[in-house]
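Note: the block below is query.cif and it holds mmCIF, C-alpha atoms.
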data_input
loop_
_atom_site.label_atom_id
_atom_site.label_comp_id
_atom_site.auth_asym_id
_atom_site.auth_seq_id
_atom_site.Cartn_x
_atom_site.Cartn_y
_atom_site.Cartn_z
CA MET A 601 39.21 20.73 48.86
CA THR A 602 36.46 22.29 46.73
CA PRO A 603 33.62 20.14 45.31
CA ARG A 604 35.12 20.54 41.81
CA GLY A 605 38.47 19.32 43.15
CA ASP A 606 36.78 16.40 44.87
CA LEU A 607 35.05 15.49 41.61
CA ALA A 608 38.26 15.66 39.59
CA GLN A 609 40.00 13.44 42.12
CA LEU A 610 37.09 11.02 42.10
CA LEU A 611 36.94 10.75 38.31
CA SER A 612 40.69 10.39 37.94
CA SER A 613 40.45 7.08 39.82
CA LEU A 614 37.91 5.64 37.38
CA PRO A 615 38.30 4.38 33.80
CA GLN A 616 37.06 6.62 30.98
CA HIS A 617 34.44 4.01 30.10
CA ALA A 618 33.08 1.36 32.43
CA ALA A 619 33.37 -2.27 31.35
CA ILE A 620 30.27 -3.63 29.65
CA THR A 621 28.99 -6.89 31.09
CA GLU A 622 27.29 -9.66 29.13
CA ALA A 623 24.19 -9.10 31.28
CA GLU A 624 24.02 -5.46 30.14
CA ARG A 625 24.57 -6.38 26.51
CA GLU A 626 21.97 -9.19 26.68
CA GLY A 627 23.18 -10.92 23.54
CA ARG A 628 23.40 -7.75 21.44
CA PHE A 629 26.75 -8.19 19.74
CA PRO A 630 28.46 -4.98 18.53
CA LEU A 631 29.58 -4.25 14.99
CA PRO A 632 33.30 -4.98 14.41
CA SER A 633 35.87 -2.30 15.11
CA GLY A 634 36.84 -0.66 11.82
CA THR A 635 33.33 -0.78 10.36
CA GLU A 636 32.86 2.16 7.97
CA LEU A 637 29.64 4.18 7.76
CA ARG A 638 28.50 6.76 5.23
CA ASN A 639 31.06 5.69 2.61
CA GLY A 640 33.88 5.93 5.10
CA ASP A 641 32.93 9.29 6.62
CA TYR A 642 32.64 7.61 10.02
CA ILE A 643 34.76 4.73 11.31
CA LEU A 644 33.60 2.73 14.31
CA HIS A 645 36.01 1.71 17.06
CA GLU A 646 35.37 -0.22 20.27
CA GLU A 647 32.00 -0.43 22.02
CA ILE A 648 31.99 2.01 24.96
CA GLY A 649 28.46 1.70 26.30
CA CYS A 650 25.01 0.20 25.96
CA GLY A 651 21.53 1.07 27.12
CA SER A 652 17.89 0.21 26.60
CA TYR A 653 17.81 1.66 23.08
CA GLY A 654 21.19 0.78 21.66
CA LEU A 655 24.93 0.24 21.64
CA ILE A 656 27.42 3.12 21.75
CA TYR A 657 30.77 3.08 19.96
CA GLY A 658 33.80 5.30 19.96
CA ALA A 659 34.24 6.58 16.40
CA THR A 660 36.19 8.95 14.17
CA ASP A 661 34.96 11.43 11.58
CA SER A 662 37.58 10.58 8.94
CA ARG A 663 36.98 13.85 7.07
CA ILE A 664 38.32 16.03 9.88
CA GLY A 665 39.85 13.53 12.30
CA GLN A 666 37.38 14.34 15.09
CA SER A 667 36.68 11.74 17.79
CA LEU A 668 32.95 11.06 18.21
CA ALA A 669 30.49 8.64 19.73
CA ILE A 670 27.96 6.83 17.56
CA LYS A 671 24.84 5.22 19.02
CA GLU A 672 23.36 2.32 17.06
CA PHE A 673 19.62 1.73 17.38
CA PHE A 674 19.56 -1.73 18.92
CA PRO A 675 16.85 -2.22 21.60
CA ARG A 676 17.21 -4.86 24.31
CA THR A 677 14.30 -6.73 22.76
CA CYS A 678 16.33 -7.41 19.60
CA ILE A 679 19.18 -9.56 18.34
CA ARG A 680 21.57 -9.10 15.43
CA SER A 681 20.82 -11.02 12.24
CA GLN A 682 23.57 -13.26 10.90
CA THR A 683 22.82 -12.26 7.28
CA GLY A 684 24.92 -9.08 7.34
CA ASP A 685 21.87 -6.84 7.51
CA TRP A 686 22.25 -4.42 10.43
CA ARG A 687 18.51 -4.06 10.95
CA PRO A 688 17.57 -5.11 14.54
CA VAL A 689 15.61 -8.36 14.61
CA PRO A 690 13.08 -8.80 17.46
CA ARG A 691 13.64 -11.82 19.69
CA ASP A 692 9.87 -12.26 19.76
CA SER A 693 8.16 -10.57 16.81
CA ALA A 694 4.74 -10.89 18.44
CA ASP A 695 5.89 -8.93 21.47
CA THR A 696 7.94 -6.08 19.96
CA ASP A 697 6.80 -3.00 18.03
CA LEU A 698 10.06 -1.67 16.64
CA SER A 699 8.37 1.27 14.93
CA VAL A 700 7.47 2.84 18.30
CA LEU A 701 10.99 2.37 19.67
CA GLN A 702 12.57 3.72 16.49
CA SER A 703 10.32 6.79 16.63
CA GLN A 704 11.56 7.45 20.16
CA PHE A 705 15.17 7.06 19.02
CA GLU A 706 14.64 9.54 16.17
CA GLU A 707 12.81 11.90 18.50
CA GLU A 708 15.83 11.94 20.80
CA TYR A 709 17.91 13.39 17.96
CA ARG A 710 15.29 16.02 17.08
CA VAL A 711 15.11 17.12 20.72
CA LEU A 712 18.86 17.22 21.34
CA GLU A 713 19.69 19.20 18.19
CA ARG A 714 17.62 22.07 19.61
CA PHE A 715 20.06 22.63 22.48
CA GLU A 716 23.57 24.05 22.62
CA ARG A 717 24.68 24.16 26.24
CA PRO A 718 27.29 22.40 28.42
CA GLY A 719 24.83 20.26 30.41
CA ILE A 720 23.25 18.50 27.39
CA VAL A 721 25.05 16.07 25.11
CA LYS A 722 25.62 17.46 21.59
CA VAL A 723 24.37 15.56 18.52
CA TYR A 724 25.58 16.02 14.93
CA ASP A 725 23.87 13.54 12.62
CA LEU A 726 21.22 10.84 12.27
CA PHE A 727 21.22 8.44 9.33
CA GLN A 728 20.23 4.96 8.14
CA GLU A 729 22.58 2.47 6.55
CA ASN A 730 22.27 -1.21 5.62
CA GLY A 731 19.02 -1.43 7.58
CA GLY A 732 20.54 0.14 10.71
CA LEU A 733 19.93 3.54 12.31
CA PHE A 734 22.80 5.58 13.78
CA LEU A 735 23.00 8.72 15.92
CA VAL A 736 26.28 10.69 15.86
CA MET A 737 27.13 12.65 19.03
CA GLU A 738 30.01 14.15 20.96
CA LEU A 739 32.41 11.79 22.70
CA LEU A 740 32.32 12.33 26.47
CA LYS A 741 35.27 11.36 28.66
CA GLY A 742 34.39 10.40 32.20
CA CYS A 743 31.78 8.06 33.63
CA THR A 744 28.18 7.96 34.78
CA PHE A 745 26.94 8.74 38.25
CA GLU A 746 25.91 5.07 38.43
CA ASP A 747 29.53 3.96 37.82
CA ILE A 748 30.71 6.18 40.67
CA LEU A 749 28.05 4.92 43.07
CA GLN A 750 28.88 1.31 42.21
CA GLN A 751 32.46 1.87 43.35
CA HIS A 752 32.14 4.51 46.08
CA LYS A 753 28.57 3.86 47.34
CA SER A 754 27.96 7.52 48.26
CA LEU A 755 29.25 11.10 47.85
CA GLU A 756 30.03 13.74 50.43
CA GLU A 757 27.15 16.18 50.86
CA PRO A 758 28.94 19.31 49.47
CA LEU A 759 29.93 17.44 46.30
CA ALA A 760 26.44 15.91 45.90
CA LEU A 761 24.81 19.37 46.23
CA TRP A 762 27.30 20.85 43.75
CA LEU A 763 26.32 18.21 41.19
CA ILE A 764 22.59 18.57 41.85
CA ARG A 765 22.70 22.37 41.34
CA ARG A 766 24.24 21.89 37.91
CA LEU A 767 21.63 19.31 36.97
CA VAL A 768 18.84 21.65 38.11
CA SER A 769 20.22 24.41 35.88
CA THR A 770 20.10 22.05 32.89
CA LEU A 771 16.57 20.89 33.74
CA GLU A 772 15.41 24.50 33.94
CA THR A 773 16.52 25.01 30.33
CA ILE A 774 14.71 21.85 29.25
CA HIS A 775 11.49 22.72 31.08
CA LEU A 776 11.44 26.26 29.67
CA SER A 777 11.49 24.62 26.23
CA GLY A 778 8.28 22.74 27.06
CA LEU A 779 9.95 19.37 27.66
CA VAL A 780 10.15 16.86 30.49
CA HIS A 781 13.15 14.50 30.38
CA GLY A 782 11.19 11.64 31.93
CA ASP A 783 14.04 9.39 33.09
CA ILE A 784 16.37 11.11 35.55
CA LYS A 785 18.55 8.47 37.22
CA PRO A 786 22.27 7.93 38.00
CA GLU A 787 23.04 6.05 34.77
CA ASN A 788 21.71 9.00 32.72
CA LEU A 789 23.99 11.53 34.43
CA PHE A 790 27.52 11.68 33.01
CA LEU A 791 30.36 13.30 34.91
CA THR A 792 33.24 14.49 32.70
CA HIS A 793 36.87 14.79 33.75
CA ASP A 794 36.67 18.58 33.48
CA GLY A 795 33.77 18.74 35.96
CA GLN A 796 30.71 19.00 33.71
CA VAL A 797 27.45 17.25 34.55
CA ILE A 798 25.89 16.03 31.28
CA LEU A 799 22.32 14.77 31.01
CA LEU A 800 21.97 11.75 28.70
CA ASP A 801 19.23 9.64 27.09
CA PHE A 802 16.35 11.81 25.92
CA GLY A 803 14.42 8.83 24.55
CA ALA A 804 11.66 9.24 27.13
CA VAL A 805 11.22 13.00 26.70
CA ASN A 806 7.66 14.32 26.73
CA HIS A 807 6.39 17.50 25.05
CA TYR A 808 4.07 18.75 27.75
CA LEU A 809 3.31 22.13 26.13
CA THR A 810 2.33 20.75 22.71
CA LYS A 811 -1.40 20.24 22.27
CA ASN A 812 -2.64 16.77 21.35
CA ARG A 813 0.87 15.31 21.47
CA ARG A 814 1.58 12.58 24.01
CA ALA A 815 4.79 10.58 23.91
CA PRO A 816 4.85 7.01 25.25
CA ARG A 817 5.75 7.02 28.93
CA PHE A 818 8.77 5.11 30.22
CA LEU A 819 9.78 5.03 33.86
CA THR A 820 12.49 3.57 36.05
CA PRO A 821 11.06 2.13 39.29
CA GLY A 822 12.55 3.90 42.29
CA TYR A 823 13.37 7.10 40.36
CA ALA A 824 10.14 8.11 38.60
CA PRO A 825 7.81 10.50 40.50
CA PRO A 826 4.55 9.01 41.82
CA GLU A 827 2.28 10.48 39.12
CA GLN A 828 4.16 8.61 36.37
CA TYR A 829 3.01 5.26 37.80
CA GLN A 830 -0.63 6.19 37.13
CA THR A 831 -2.52 6.00 33.86
#

As structure tokens, what does this structure read like?
Amino acid sequence: MTPRGDLAQLLSSLPQHAAITEAEREGRFPLPSGTELRNGDYILHEEIGCGSYGLIYGATDSRIGQSLAIKEFFPRTCIRSQTGDWRPVPRDSADTDLSVLQSQFEEEYRVLERFERPGIVKVYDLFQENGGLFLVMELLKGCTFEDILQQHKSLEEPLALWLIRRLVSTLETIHLSGLVHGDIKPENLFLTHDGQVILLDFGAVNHYLTKNRRAPRFLTPGYAPPEQYQT
């Protein structure tokens, strides 16, 4: 069987979205299904993912009936207020600078809207509402490389090389644009049911060709290259 056939067979055995554990959510409760945004333009459905910067929902653009994903800015250092305001509330106000994290979240949108290629997730909108900040993007069907490794532990070498070559092609496009992704790891690689390898989470991107511009550095121990551990 070809690597693409192996991948299709592998993904067909997995759910479209992995279950979210309470440990991953860390007390960040999602908005209710049916919540309307932008005067009803977008309707939120179930929560389908969460990461360091926020919660991800399945959603519908009610104007054209298109299925989407919407990422709510909701860092792990925050909790949801009980007042109805969607603005993230730091667990420890003395230890959290939300302005820096929000700038990174907004920068992710500005970076992603520059690209139009299969290996990079597409984004459509960024807006604030009721104190919250929301990023509208394409809805991907499949699962992350991390989900696959959790279940299957490893991949056959031909399939692994096939996936890596597609990631390298995407990274070449990013690097030629003067950017470094900054956080390549299994949970940021999404494998779709039609065999695409999509790079996610550009919150740690760095503009290495722009003079006098240095983005905050984030790293994942075990995946970051050695020079990122140094000041």

Under the rule of at most 12 Å, produce a per-residue listing of region 695-732 of chain A near region 655-669 of chain A: chain, number, name, the closest pair of atoms, and the distance in Å, as JSON lines, using only C-alpha atoms.
{"residue": "A:Val721", "atom": "CA", "partner": "A:Ala669", "partner_atom": "CA", "distance": 10.7}
{"residue": "A:Lys722", "atom": "CA", "partner": "A:Ala669", "partner_atom": "CA", "distance": 10.2}
{"residue": "A:Val723", "atom": "CA", "partner": "A:Ala669", "partner_atom": "CA", "distance": 9.3}
{"residue": "A:Tyr724", "atom": "CA", "partner": "A:Leu668", "partner_atom": "CA", "distance": 9.5}
{"residue": "A:Asp725", "atom": "CA", "partner": "A:Ala669", "partner_atom": "CA", "distance": 10.9}
{"residue": "A:Gly732", "atom": "CA", "partner": "A:Leu655", "partner_atom": "CA", "distance": 11.8}

Need the shell around Gly654 (chain A): protein/DNA/RNA residues with any atom at most 10 Å away, counting only C-alpha atoms. Skip same-chain ones fewer than 5 positions apart. Format as a ChimeraX atom specification?
/A:625,628,630,649,670-676,678,688,705,733-735

Pull out every residue that the PyMOL selection byres ((chain A and resi 824) around 12) matches in the shown coordinates and put them as a list in words.
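On the file shown, the PyMOL selection byres ((chain A and resi 824) around 12) covers Val780, His781, Gly782, Asp783, Ile784, Lys785, Ala804, Arg817, Phe818, Leu819, Thr820, Pro821, Gly822, Tyr823, Pro825, Pro826, Glu827, Gln828, Tyr829 and Gln830 of chain A.
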
Name the residues captured by the PyMOL selection byres ((chain A and resi 731) around 10) when it is applied to the shown file; answer as a list in words.
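So the PyMOL selection byres ((chain A and resi 731) around 10), applied here, picks out Gly684, Asp685, Trp686, Arg687, Pro688, Gln728, Glu729, Asn730, Gly732 and Leu733 of chain A.
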
Taken to one decimal, the CA of Leu799 (chain A)-CA of Trp762 (chain A) distance is 15.0 Å

Two-atom distance - CA of Pro632 (chain A), CA of Arg691 (chain A) (Å)
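Straight-line distance from CA of Pro632 (chain A) to CA of Arg691 (chain A) works out to 21.5 Å.
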
Carefully work through the PyMOL selection byres ((chain A and resi 797) around 7) for this structure and note down the residues it includes, as a PyMOL selection string.
chain A and resi 719+763+766-767+789-792+795-796+798-799

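Each of A:Phe802, A:Leu740, A:Val711, A:Pro786 was checked against Ala760 (chain A) using all atoms listed in the file; the smallest atom-to-atom distance is that of A:Pro786.
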
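Nearest residue to Asp747 (chain A), choosing from A:Glu713, A:Glu626, A:Asp606, A:Glu787 and counting only C-alpha atoms: A:Glu787.
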
Between CA of Thr744 (chain A) and CA of Asn788 (chain A), what is the spacing in Å?
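Between CA of Asn788 (chain A) and CA of Thr744 (chain A) the gap works out to 6.9 Å.
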
For Gly778 (chain A), which residue out of A:Arg638, A:His752, A:Arg765, A:Arg714 is the nearest one, using only C-alpha atoms?
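Counting only C-alpha atoms, the residue closest to Gly778 (chain A) is A:Arg714.
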
Find, counting all atoms listed in the file, the residue in A:Gly742, A:Tyr642, A:Leu631, A:Pro758 that gets nearest to Ser681 (chain A).
A:Leu631

With distances taken over all atoms listed in the file, which of A:Thr677, A:Lys753, A:Ser633, A:Glu738 is nearest to Leu701 (chain A)?
A:Thr677

Complete region 723-741 of chain A at the level of N, CA and C atoms, written as a PDB file, in the frame of the given file.
ATOM      1  N   VAL A 723      24.565  16.537  19.599  1.00  0.00           N
ATOM      2  CA  VAL A 723      24.370  15.560  18.520  1.00  0.00           C
ATOM      3  C   VAL A 723      24.666  16.250  17.185  1.00  0.00           C
ATOM      4  N   TYR A 724      25.150  15.449  16.210  1.00  0.00           N
ATOM      5  CA  TYR A 724      25.580  16.020  14.930  1.00  0.00           C
ATOM      6  C   TYR A 724      24.869  15.428  13.725  1.00  0.00           C
ATOM      7  N   ASP A 725      24.388  14.186  13.823  1.00  0.00           N
ATOM      8  CA  ASP A 725      23.870  13.540  12.620  1.00  0.00           C
ATOM      9  C   ASP A 725      22.997  12.355  13.017  1.00  0.00           C
ATOM     10  N   LEU A 726      22.053  12.027  12.135  1.00  0.00           N
ATOM     11  CA  LEU A 726      21.220  10.840  12.270  1.00  0.00           C
ATOM     12  C   LEU A 726      21.023  10.279  10.870  1.00  0.00           C
ATOM     13  N   PHE A 727      21.336   9.003  10.671  1.00  0.00           N
ATOM     14  CA  PHE A 727      21.220   8.440   9.330  1.00  0.00           C
ATOM     15  C   PHE A 727      20.973   6.934   9.393  1.00  0.00           C
ATOM     16  N   GLN A 728      20.459   6.402   8.281  1.00  0.00           N
ATOM     17  CA  GLN A 728      20.230   4.960   8.140  1.00  0.00           C
ATOM     18  C   GLN A 728      21.246   4.387   7.168  1.00  0.00           C
ATOM     19  N   GLU A 729      21.653   3.159   7.451  1.00  0.00           N
ATOM     20  CA  GLU A 729      22.580   2.470   6.550  1.00  0.00           C
ATOM     21  C   GLU A 729      22.454   0.968   6.732  1.00  0.00           C
ATOM     22  N   ASN A 730      22.313   0.252   5.622  1.00  0.00           N
ATOM     23  CA  ASN A 730      22.270  -1.210   5.620  1.00  0.00           C
ATOM     24  C   ASN A 730      21.205  -1.742   6.592  1.00  0.00           C
ATOM     25  N   GLY A 731      20.101  -1.021   6.703  1.00  0.00           N
ATOM     26  CA  GLY A 731      19.020  -1.430   7.580  1.00  0.00           C
ATOM     27  C   GLY A 731      19.162  -0.953   9.008  1.00  0.00           C
ATOM     28  N   GLY A 732      20.322  -0.360   9.353  1.00  0.00           N
ATOM     29  CA  GLY A 732      20.540   0.140  10.710  1.00  0.00           C
ATOM     30  C   GLY A 732      20.302   1.631  10.809  1.00  0.00           C
ATOM     31  N   LEU A 733      20.171   2.126  12.038  1.00  0.00           N
ATOM     32  CA  LEU A 733      19.930   3.540  12.310  1.00  0.00           C
ATOM     33  C   LEU A 733      20.991   4.008  13.304  1.00  0.00           C
ATOM     34  N   PHE A 734      21.649   5.144  13.002  1.00  0.00           N
ATOM     35  CA  PHE A 734      22.800   5.580  13.780  1.00  0.00           C
ATOM     36  C   PHE A 734      22.685   7.058  14.149  1.00  0.00           C
ATOM     37  N   LEU A 735      23.018   7.358  15.393  1.00  0.00           N
ATOM     38  CA  LEU A 735      23.000   8.720  15.920  1.00  0.00           C
ATOM     39  C   LEU A 735      24.436   9.122  16.257  1.00  0.00           C
ATOM     40  N   VAL A 736      24.922  10.209  15.646  1.00  0.00           N
ATOM     41  CA  VAL A 736      26.280  10.690  15.860  1.00  0.00           C
ATOM     42  C   VAL A 736      26.252  11.787  16.915  1.00  0.00           C
ATOM     43  N   MET A 737      27.114  11.679  17.935  1.00  0.00           N
ATOM     44  CA  MET A 737      27.130  12.650  19.030  1.00  0.00           C
ATOM     45  C   MET A 737      28.552  12.888  19.508  1.00  0.00           C
ATOM     46  N   GLU A 738      28.686  13.861  20.423  1.00  0.00           N
ATOM     47  CA  GLU A 738      30.010  14.150  20.960  1.00  0.00           C
ATOM     48  C   GLU A 738      30.489  12.995  21.827  1.00  0.00           C
ATOM     49  N   LEU A 739      31.800  12.821  21.871  1.00  0.00           N
ATOM     50  CA  LEU A 739      32.410  11.790  22.700  1.00  0.00           C
ATOM     51  C   LEU A 739      32.730  12.390  24.066  1.00  0.00           C
ATOM     52  N   LEU A 740      32.106  11.851  25.103  1.00  0.00           N
ATOM     53  CA  LEU A 740      32.320  12.330  26.470  1.00  0.00           C
ATOM     54  C   LEU A 740      33.354  11.458  27.162  1.00  0.00           C
ATOM     55  N   LYS A 741      34.246  12.094  27.920  1.00  0.00           N
ATOM     56  CA  LYS A 741      35.270  11.360  28.660  1.00  0.00           C
ATOM     57  C   LYS A 741      35.000  11.517  30.153  1.00  0.00           C
TER      58      LYS A 741
END
